[in-house]
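Chemist: I'd like to ask you about the structure that follows.
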2 protein chains.
Amino acid sequence: TTTTINELANEVEEQLSDEQIAVLLESFPLNLRTSIWESLSDETHQNVFIEMKHDSRKLLLNTLDDEYCFPLLTKLDAVHLIELSESLDNRFIDYAVTNMTAKQRSLYKKSCDYTEEEVGRWQNFTEVQLPQRLTLSAVKKVCSKSLPAFTDVVYIVNDDGALVGEIPLNSIFTADDDQQYRSLIETDVLFINTNDEIADAAEKLIDSDRSALPVVDENHCLTGRLDLPAAYRYKEDILASQLNQSAGLVDEEDLFGSIWQSSKNRAVWLGVNLVTAFLASWFIGLFEATIQQVVALAVLMPVVASMGGISGSQTITLIIRGLALGQINDTNKRNIIAKELKVGAINGVLWAVVIGAITYFWFDNPLLSLTIFIAILGNILIASLSGVWVPWILNKFNIDPALSGSVVLTTVTDIFGFIVFLGLGSLLLL
Amino acid sequence: TTTTINELANEVEEQLSDEQIAVLLESFPLNLRTSIWESLSDETHQNVFIEMKHDSRKLLLNTLDDEYCFPLLTKLDAVHLIELSESLDNRFIDYAVTNMTAKQRSLYKKSCDYTEEEVGRWQNFTEVQLPQRLTLSAVKKVCSKSLPAFTDVVYIVNDDGALVGEIPLNSIFTADDDQQYRSLIETDVLFINTNDEIADAAEKLIDSDRSALPVVDENHCLTGRLDLPAAYRYKEDILASQLNQSAGLVDEEDLFGSIWQSSKNRAVWLGVNLVTAFLASWFIGLFEATIQQVVALAVLMPVVASMGGISGSQTITLIIRGLALGQINDTNKRNIIAKELKVGAINGVLWAVVIGAITYFWFDNPLLSLTIFIAILGNILIASLSGVWVPWILNKFNIDPALSGSVVLTTVTDIFGFIVFLGLGSLLLL
């Protein structure tokens, strides 16, 4: 099989991009993955390493001997090391910092001054910046060389490095002498600050119909640029992490992640849910005597719990996105609650009637039917209300509602549902 | 308040981009939204209308009289109408088609030949294409005009309109005469076909480090280009719809959507879940006699159901993403199942022990403790197995696993959990 793997690896290297190889590797179980990895060329190694998911990268570093790890971390760009650092141990980061060029090291250290929420972490340093004093022929000379991706304008800086304007590449055609060239500089430039929030900056860039925007520091010095791929990478991260967190998965879990690591990641979430499940059990336990006499109550408990849970999760998903987009504020919160309560009332009445009727035909007991009617209606209303309030309050306390919202919500709807259903059952049916 | 709204509208128009205005409008309840809308200028109306979410757009059209709707649909671009068509009634689409320029109409009709999964629907027509026979001075003249966004290369076509190559804008600086200009044409061009799958094409573009790629039809004629915003819009759509569907929300539901429409959308999902909840109830009902004698079983049911549900949803979320990325196939499916079962076994044993112990201390009944131990372990294992199989099978039958996967899975884990727990309880505890 070694020949086959070698052939496969060769074909893979010829046909696929680095990112595609990274995705492909992640679709192999760990033992095969290592064999394919070993058959790839050294150059491919580093490029693919950079494109991998964090989790897969950690796995790879754990699998390889140090002598194979270090070459992957040599001569990295500042931008790449920033991206990788999340999945690297300190000793690897230290090695990488020592083994990058002086220029990249200083860029890396500057980027580290910013938090993950600030533009400084997301900028790259491939922009073309030209001194204001350059002549037209010099500008033409620079611009006629091969330019970095996403370069349709060049930025003009003064002697202090401050951004004074930009020139669209194509406008340089029209310029014949230096005088005219100066007039080409557009001084009304859209720019971003290094400590702007990346969320706002990404929107600004995407709205601007540009492929990149210049980034300046507090002295208006041009430090780099934010390009579209970075802006969209940020937006994708947000969506993907809401999706993962809503299932209690760690971001970027590898399909073939280490079994112990996967188990550990997921155990946390199972444990949290267990606490809430036992809490629900404890409340049910308060009504043991009632259940013993009216077993139908136990039979119908899943219906009460599930209708509340689903209603709540529909509302909370909508609200979490609205909070992330900044669409929900103190002023319109009331209107949103009013709307969700109305939707909850309509679905509450509809399904309470349906469930009440089914219960009546099943158990032939009008009081049981009335009990579940009230419990369903009440639970769907509470779910709608909590679907707005729970993420709102978590957000106020700076707790990510995508992660913890659904647990808190299910706890509320389970417990409320059981108390109303079993409590009312005790009153009406005993 | 009319003055205030007018002032607000003026300020909004000055300060915000069309997309930001659309997001802002969506954060207002419907009655206020209409007032603000009426205060915006006619020009802003159409631009904001294009940027809105489908759901909000439909709401707006329902609110406005036809005389106000039609101007919004006049002189639309083909690309915009393609995007809007999902949220427009046929009479509005017909009106828009009649009231666009002949050129845009023909582009629109061509785009309609492709499905939503094909590049033909996602391309735009803003690329710069130049005939091969042009002289250098003519090329310079065209390129020195203001160019569309994301233009860093111009495409060269032959007399039949077939793509022969591209020229990077900046390389035109170096050309002095026509001979040299011809040599600038790079003929080894990365391109996309109109009927390629948009999923692959988007990845190809993103991997290419270009801001756009040319799109050609089956005769290699240049028909348009795919740009980065379109590629990322596609990727975002996929993620956002997985997120919405997992909560049974219709895509793009408006925060203040019409109450009836929202209720209707969500009712469907509640109804589907109700069927599965009653199915679970029916299975519990089979063990009525057992529950009556050992009420503790009813008390502990939520623990069994919830642990299975959570385990399953962790696995299924991972698998749905793997399927979407094409990382899961017949060959590695077994390895994935093996891995998920191992993770399930570890968490199953861990939590079965914990829950068994808690149950023992709570109810002081070793057989009840053994019952729940086996039920939890079995249910987490089944959840891990179904978490792989359920989306895999749904996918084979071309059913979107993001939408229906979690319901099927919960049904499996609920019913399996209750049967094992209550069945074993009947055997051991009666």
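If you're wondering about the labels, chains in the structure tokens are A, B, ... by order shown, residues count from 1 in each chain, ligands from 1 in order shown.
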Extract, using only C-alpha atoms, all DNA, RNA and protein residues at most 10 Å from stretch 61-66 of chain A, discarding same-chain residues fewer than 3 positions from it, and format them as a VMD selection string.
Modeler: chain A and resid 30 to 31 34 38 49 56 to 58 69 to 72 87 to 89 92 258
Chemist: Restricted to C-alpha atoms, what would the selected residues look like written as a PDB file, in the first residue's frame?
Modeler:
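See part.pdb below for the written result:
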ATOM      1  CA  LEU A  30      -5.471   9.422  11.610  1.00  0.00           C
ATOM      2  CA  ASN A  31      -3.230   6.479  10.660  1.00  0.00           C
ATOM      3  CA  THR A  34      -0.004  10.364   8.634  1.00  0.00           C
ATOM      4  CA  GLU A  38       4.700  11.780   4.919  1.00  0.00           C
ATOM      5  CA  PHE A  49      -0.306  23.047   7.601  1.00  0.00           C
ATOM      6  CA  SER A  56      -6.457  18.951  12.891  1.00  0.00           C
ATOM      7  CA  ARG A  57      -3.269  20.980  13.213  1.00  0.00           C
ATOM      8  CA  LYS A  58      -2.963  20.134  16.891  1.00  0.00           C
ATOM      9  CA  CYS A  69       7.311  19.882  13.420  1.00  0.00           C
ATOM     10  CA  PHE A  70       9.929  22.607  13.494  1.00  0.00           C
ATOM     11  CA  PRO A  71      10.359  22.963   9.704  1.00  0.00           C
ATOM     12  CA  LEU A  72       6.631  23.668   9.495  1.00  0.00           C
ATOM     13  CA  SER A  87      -3.507  25.956  17.958  1.00  0.00           C
ATOM     14  CA  LEU A  88       0.185  26.079  18.923  1.00  0.00           C
ATOM     15  CA  ASP A  89       1.828  25.395  22.269  1.00  0.00           C
ATOM     16  CA  PHE A  92       6.173  26.108  19.130  1.00  0.00           C
ATOM     17  CA  SER A 258      -8.392  12.184  18.903  1.00  0.00           C
TER      18      SER A 258
END
Chemist: If we count only C-alpha atoms, what is near B:Ile419 at a cut-off of 10 Å, once residues fewer than 5 positions away on the same chain are taken out, given as a PyMOL selection string?
Modeler: chain B and resi 280+283-284+286-287+375+413-414+424-425
Chemist: If you run DSSP over the backbone, which residues in stretch 142-367 of chain B end up strand (DSSP E)? Put them as JSON, numbers by chain.
Modeler: {"B": [153, 154, 155, 156, 157, 163, 164, 165, 166, 167, 168, 192, 193, 212, 213, 214, 215, 216, 222, 223, 224, 225, 226, 227]}
Chemist: Give me the stretch 272-364 of chain A side of the contact with stretch 307-322 of chain B, cut-off 12 Å, one line per residue showing its nearest atom pair and distance in Å at one decimal, counting only C-alpha atoms, sorted by chain and residue number, as JSON lines.
Modeler:
{"residue": "A:Val272", "atom": "CA", "partner": "B:Met307", "partner_atom": "CA", "distance": 10.4}
{"residue": "A:Asn273", "atom": "CA", "partner": "B:Met307", "partner_atom": "CA", "distance": 7.4}
{"residue": "A:Leu274", "atom": "CA", "partner": "B:Met307", "partner_atom": "CA", "distance": 7.0}
{"residue": "A:Val275", "atom": "CA", "partner": "B:Met307", "partner_atom": "CA", "distance": 10.6}
{"residue": "A:Thr276", "atom": "CA", "partner": "B:Met307", "partner_atom": "CA", "distance": 10.6}
{"residue": "A:Ala277", "atom": "CA", "partner": "B:Met307", "partner_atom": "CA", "distance": 8.3}
{"residue": "A:Phe278", "atom": "CA", "partner": "B:Met307", "partner_atom": "CA", "distance": 10.8}
{"residue": "A:Ser306", "atom": "CA", "partner": "B:Gly309", "partner_atom": "CA", "distance": 11.6}
Chemist: Please save N, CA and C atoms of the selected residues as a JSON list (two decimals), in the first residue's frame.
Modeler:
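Saved file result-v2.json follows:
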[["chain", "number", "residue", "atom", "x", "y", "z"],
["A", 272, "VAL", "N", -23.18, 19.52, 31.76],
["A", 272, "VAL", "CA", -24.03, 20.69, 32.02],
["A", 272, "VAL", "C", -25.49, 20.30, 31.85],
["A", 273, "ASN", "N", -25.77, 19.56, 30.74],
["A", 273, "ASN", "CA", -27.15, 19.17, 30.49],
["A", 273, "ASN", "C", -27.68, 18.20, 31.53],
["A", 274, "LEU", "N", -26.77, 17.41, 32.09],
["A", 274, "LEU", "CA", -27.20, 16.45, 33.10],
["A", 274, "LEU", "C", -27.75, 17.17, 34.33],
["A", 275, "VAL", "N", -27.05, 18.25, 34.72],
["A", 275, "VAL", "CA", -27.50, 19.03, 35.87],
["A", 275, "VAL", "C", -28.94, 19.50, 35.64],
["A", 276, "THR", "N", -29.19, 20.04, 34.43],
["A", 276, "THR", "CA", -30.54, 20.55, 34.18],
["A", 276, "THR", "C", -31.55, 19.41, 34.09],
["A", 277, "ALA", "N", -31.12, 18.25, 33.57],
["A", 277, "ALA", "CA", -32.06, 17.13, 33.47],
["A", 277, "ALA", "C", -32.45, 16.65, 34.88],
["A", 278, "PHE", "N", -31.44, 16.58, 35.78],
["A", 278, "PHE", "CA", -31.76, 16.14, 37.14],
["A", 278, "PHE", "C", -32.62, 17.16, 37.87],
["A", 306, "SER", "N", -41.44, 18.80, 25.05],
["A", 306, "SER", "CA", -40.91, 19.00, 23.71],
["A", 306, "SER", "C", -41.52, 20.21, 23.02]]
Chemist: Considering only C-alpha atoms, extract the chain A residues located within 6 Å of chain B and return them as a tab-separated table (two decimals) with C-alpha atoms, in the first residue's frame.
Modeler:
chain	number	residue	atom	x	y	z
A	27	SER	CA	-11.37	13.20	5.65
A	143	CYS	CA	3.16	49.20	-10.21
A	144	SER	CA	4.22	47.33	-13.32
A	152	ASP	CA	-6.51	47.65	-7.40
A	170	ASN	CA	-6.09	52.24	-13.80
A	171	SER	CA	-5.98	56.00	-13.32
A	173	PHE	CA	-2.67	55.34	-17.41
A	243	LEU	CA	-23.81	26.42	14.90
A	247	ALA	CA	-24.68	21.61	19.81
A	259	ILE	CA	-10.96	10.10	20.70
A	263	SER	CA	-14.81	12.78	24.41
A	277	ALA	CA	-32.06	17.13	33.47
A	281	SER	CA	-36.36	15.15	37.52
A	284	ILE	CA	-41.16	15.71	38.74
A	285	GLY	CA	-40.25	13.86	41.92
A	292	GLN	CA	-48.78	7.07	40.85
A	298	ALA	CA	-46.14	10.54	33.06
A	299	VAL	CA	-47.07	9.29	29.62
A	300	LEU	CA	-47.78	12.82	28.37
A	303	VAL	CA	-45.28	16.22	24.81
A	314	GLN	CA	-37.19	28.93	17.42
A	327	GLN	CA	-30.69	44.80	15.57
A	343	VAL	CA	-46.82	34.28	17.69
Chemist: Kindly give the distance, in Å, that separates atom CA of B:Ile376 and atom CA of B:Ala352, rounded to a single decimal.
Modeler: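 Atom-to-atom, atom CA of B:Ile376 to atom CA of B:Ala352, that is 5.4 Å.
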Chemist: I need the alpha helix (DSSP H) residues of stretch 212-355 of chain B per DSSP on the backbone, written as a ChimeraX atom specification.
Modeler: /B:228-245,259-285,288-293,295-324,330-355
Chemist: Which neighbours of A:Ala199 fall inside 9 Å, counting only C-alpha atoms, when residues of the same chain fewer than 3 positions from it are skipped, and could you give them as a list in words?
Modeler: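 Returned residues: Glu117, Glu118, Val119, Asp196, Ala202, Glu203, Lys204, Ala231, Tyr234 and Lys235 of chain A.
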Chemist: Which polymer residues have any atom within 10 Å of an atom of A:Asn99, counting only C-alpha atoms, with same-chain residues fewer than 3 positions away left out, as a PDB file with all heavy atoms, in the first residue's frame?
Modeler:
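Generated output (result.pdb):
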ATOM      1  N   PHE A  70       9.263  21.299  13.566  1.00  0.00           N
ATOM      2  CA  PHE A  70       9.929  22.607  13.494  1.00  0.00           C
ATOM      3  C   PHE A  70      10.012  23.189  12.079  1.00  0.00           C
ATOM      4  O   PHE A  70       9.776  24.384  11.896  1.00  0.00           O
ATOM      5  CB  PHE A  70      11.300  22.545  14.173  1.00  0.00           C
ATOM      6  CG  PHE A  70      11.181  22.457  15.680  1.00  0.00           C
ATOM      7  CD1 PHE A  70      11.850  21.484  16.402  1.00  0.00           C
ATOM      8  CD2 PHE A  70      10.389  23.370  16.365  1.00  0.00           C
ATOM      9  CE1 PHE A  70      11.715  21.405  17.789  1.00  0.00           C
ATOM     10  CE2 PHE A  70      10.250  23.301  17.744  1.00  0.00           C
ATOM     11  CZ  PHE A  70      10.919  22.317  18.467  1.00  0.00           C
ATOM     12  N   PRO A  71      10.318  22.368  11.050  1.00  0.00           N
ATOM     13  CA  PRO A  71      10.359  22.963   9.704  1.00  0.00           C
ATOM     14  C   PRO A  71       9.043  23.614   9.292  1.00  0.00           C
ATOM     15  O   PRO A  71       9.026  24.558   8.502  1.00  0.00           O
ATOM     16  CB  PRO A  71      10.667  21.761   8.795  1.00  0.00           C
ATOM     17  CG  PRO A  71      11.313  20.770   9.680  1.00  0.00           C
ATOM     18  CD  PRO A  71      10.719  20.960  11.035  1.00  0.00           C
ATOM     19  N   LEU A  73       7.312  25.409  11.028  1.00  0.00           N
ATOM     20  CA  LEU A  73       7.152  26.672  11.747  1.00  0.00           C
ATOM     21  C   LEU A  73       8.265  27.658  11.424  1.00  0.00           C
ATOM     22  O   LEU A  73       8.453  28.652  12.115  1.00  0.00           O
ATOM     23  CB  LEU A  73       7.105  26.393  13.249  1.00  0.00           C
ATOM     24  CG  LEU A  73       5.964  25.469  13.673  1.00  0.00           C
ATOM     25  CD1 LEU A  73       6.209  24.885  15.039  1.00  0.00           C
ATOM     26  CD2 LEU A  73       4.662  26.245  13.635  1.00  0.00           C
ATOM     27  N   THR A  74       9.023  27.353  10.363  1.00  0.00           N
ATOM     28  CA  THR A  74      10.161  28.193  10.009  1.00  0.00           C
ATOM     29  C   THR A  74       9.753  29.203   8.942  1.00  0.00           C
ATOM     30  O   THR A  74       9.008  28.867   8.034  1.00  0.00           O
ATOM     31  CB  THR A  74      11.293  27.305   9.465  1.00  0.00           C
ATOM     32  OG1 THR A  74      11.517  26.255  10.412  1.00  0.00           O
ATOM     33  CG2 THR A  74      12.569  28.091   9.296  1.00  0.00           C
ATOM     34  N   LYS A  75      10.225  30.428   9.114  1.00  0.00           N
ATOM     35  CA  LYS A  75       9.971  31.496   8.132  1.00  0.00           C
ATOM     36  C   LYS A  75       8.489  31.720   7.858  1.00  0.00           C
ATOM     37  O   LYS A  75       8.076  31.917   6.718  1.00  0.00           O
ATOM     38  CB  LYS A  75      10.696  31.193   6.819  1.00  0.00           C
ATOM     39  CG  LYS A  75      12.200  31.104   7.012  1.00  0.00           C
ATOM     40  CD  LYS A  75      12.954  31.523   5.799  1.00  0.00           C
ATOM     41  CE  LYS A  75      14.441  31.568   6.130  1.00  0.00           C
ATOM     42  NZ  LYS A  75      15.309  31.480   4.978  1.00  0.00           N
ATOM     43  N   LEU A  76       7.700  31.679   8.904  1.00  0.00           N
ATOM     44  CA  LEU A  76       6.280  31.986   8.734  1.00  0.00           C
ATOM     45  C   LEU A  76       6.082  33.491   8.586  1.00  0.00           C
ATOM     46  O   LEU A  76       6.876  34.284   9.087  1.00  0.00           O
ATOM     47  CB  LEU A  76       5.492  31.502   9.963  1.00  0.00           C
ATOM     48  CG  LEU A  76       5.213  30.011  10.081  1.00  0.00           C
ATOM     49  CD1 LEU A  76       4.586  29.712  11.430  1.00  0.00           C
ATOM     50  CD2 LEU A  76       4.286  29.568   8.954  1.00  0.00           C
ATOM     51  N   ILE A  93       5.281  28.352  19.426  1.00  0.00           N
ATOM     52  CA  ILE A  93       5.179  29.783  19.078  1.00  0.00           C
ATOM     53  C   ILE A  93       6.545  30.442  19.244  1.00  0.00           C
ATOM     54  O   ILE A  93       6.999  31.184  18.368  1.00  0.00           O
ATOM     55  CB  ILE A  93       4.123  30.489  19.962  1.00  0.00           C
ATOM     56  CG1 ILE A  93       2.725  29.943  19.640  1.00  0.00           C
ATOM     57  CG2 ILE A  93       4.152  31.993  19.749  1.00  0.00           C
ATOM     58  CD1 ILE A  93       1.603  30.575  20.422  1.00  0.00           C
ATOM     59  N   ASP A  94       7.231  30.143  20.372  1.00  0.00           N
ATOM     60  CA  ASP A  94       8.548  30.732  20.599  1.00  0.00           C
ATOM     61  C   ASP A  94       9.504  30.377  19.467  1.00  0.00           C
ATOM     62  O   ASP A  94      10.228  31.225  18.951  1.00  0.00           O
ATOM     63  CB  ASP A  94       9.135  30.231  21.936  1.00  0.00           C
ATOM     64  CG  ASP A  94       8.342  30.799  23.111  1.00  0.00           C
ATOM     65  OD1 ASP A  94       7.592  31.767  22.892  1.00  0.00           O
ATOM     66  OD2 ASP A  94       8.465  30.252  24.226  1.00  0.00           O
ATOM     67  N   TYR A  95       9.470  29.089  19.054  1.00  0.00           N
ATOM     68  CA  TYR A  95      10.344  28.656  17.961  1.00  0.00           C
ATOM     69  C   TYR A  95      10.026  29.448  16.694  1.00  0.00           C
ATOM     70  O   TYR A  95      10.922  29.957  16.014  1.00  0.00           O
ATOM     71  CB  TYR A  95      10.188  27.153  17.700  1.00  0.00           C
ATOM     72  CG  TYR A  95      11.018  26.685  16.538  1.00  0.00           C
ATOM     73  CD1 TYR A  95      12.342  26.294  16.708  1.00  0.00           C
ATOM     74  CD2 TYR A  95      10.479  26.679  15.246  1.00  0.00           C
ATOM     75  CE1 TYR A  95      13.121  25.902  15.627  1.00  0.00           C
ATOM     76  CE2 TYR A  95      11.238  26.288  14.152  1.00  0.00           C
ATOM     77  CZ  TYR A  95      12.557  25.897  14.350  1.00  0.00           C
ATOM     78  OH  TYR A  95      13.320  25.522  13.278  1.00  0.00           O
ATOM     79  N   ALA A  96       8.727  29.556  16.377  1.00  0.00           N
ATOM     80  CA  ALA A  96       8.324  30.240  15.149  1.00  0.00           C
ATOM     81  C   ALA A  96       8.740  31.704  15.175  1.00  0.00           C
ATOM     82  O   ALA A  96       9.230  32.239  14.180  1.00  0.00           O
ATOM     83  CB  ALA A  96       6.805  30.120  14.962  1.00  0.00           C
ATOM     84  N   ALA A 102      13.257  39.355  10.600  1.00  0.00           N
ATOM     85  CA  ALA A 102      13.133  40.440  11.570  1.00  0.00           C
ATOM     86  C   ALA A 102      11.887  41.271  11.280  1.00  0.00           C
ATOM     87  O   ALA A 102      11.156  41.665  12.190  1.00  0.00           O
ATOM     88  CB  ALA A 102      14.391  41.310  11.537  1.00  0.00           C
ATOM     89  N   GLN A 104       9.028  40.387   9.705  1.00  0.00           N
ATOM     90  CA  GLN A 104       7.797  39.682  10.047  1.00  0.00           C
ATOM     91  C   GLN A 104       7.638  39.595  11.556  1.00  0.00           C
ATOM     92  O   GLN A 104       6.543  39.673  12.089  1.00  0.00           O
ATOM     93  CB  GLN A 104       7.781  38.277   9.419  1.00  0.00           C
ATOM     94  CG  GLN A 104       7.686  38.278   7.903  1.00  0.00           C
ATOM     95  CD  GLN A 104       6.397  38.910   7.391  1.00  0.00           C
ATOM     96  OE1 GLN A 104       5.348  38.778   7.993  1.00  0.00           O
ATOM     97  NE2 GLN A 104       6.489  39.635   6.289  1.00  0.00           N
ATOM     98  N   ARG A 105       8.786  39.417  12.268  1.00  0.00           N
ATOM     99  CA  ARG A 105       8.710  39.331  13.725  1.00  0.00           C
ATOM    100  C   ARG A 105       8.150  40.620  14.312  1.00  0.00           C
ATOM    101  O   ARG A 105       7.303  40.602  15.203  1.00  0.00           O
ATOM    102  CB  ARG A 105      10.103  39.041  14.310  1.00  0.00           C
ATOM    103  CG  ARG A 105      10.085  38.796  15.810  1.00  0.00           C
ATOM    104  CD  ARG A 105      11.320  38.024  16.268  1.00  0.00           C
ATOM    105  NE  ARG A 105      12.531  38.559  15.701  1.00  0.00           N
ATOM    106  CZ  ARG A 105      13.371  37.878  14.932  1.00  0.00           C
ATOM    107  NH1 ARG A 105      13.143  36.614  14.665  1.00  0.00           N
ATOM    108  NH2 ARG A 105      14.457  38.447  14.449  1.00  0.00           N
TER     109      ARG A 105
END
Chemist: Do you know which residues are at most 10 Å from A:Val420 counting only C-alpha atoms, after dropping those on the same chain fewer than 2 positions away, and could you put them as a ChimeraX atom specification?
Modeler: /A:304,371-372,374-376,378-379,415-418,422-426
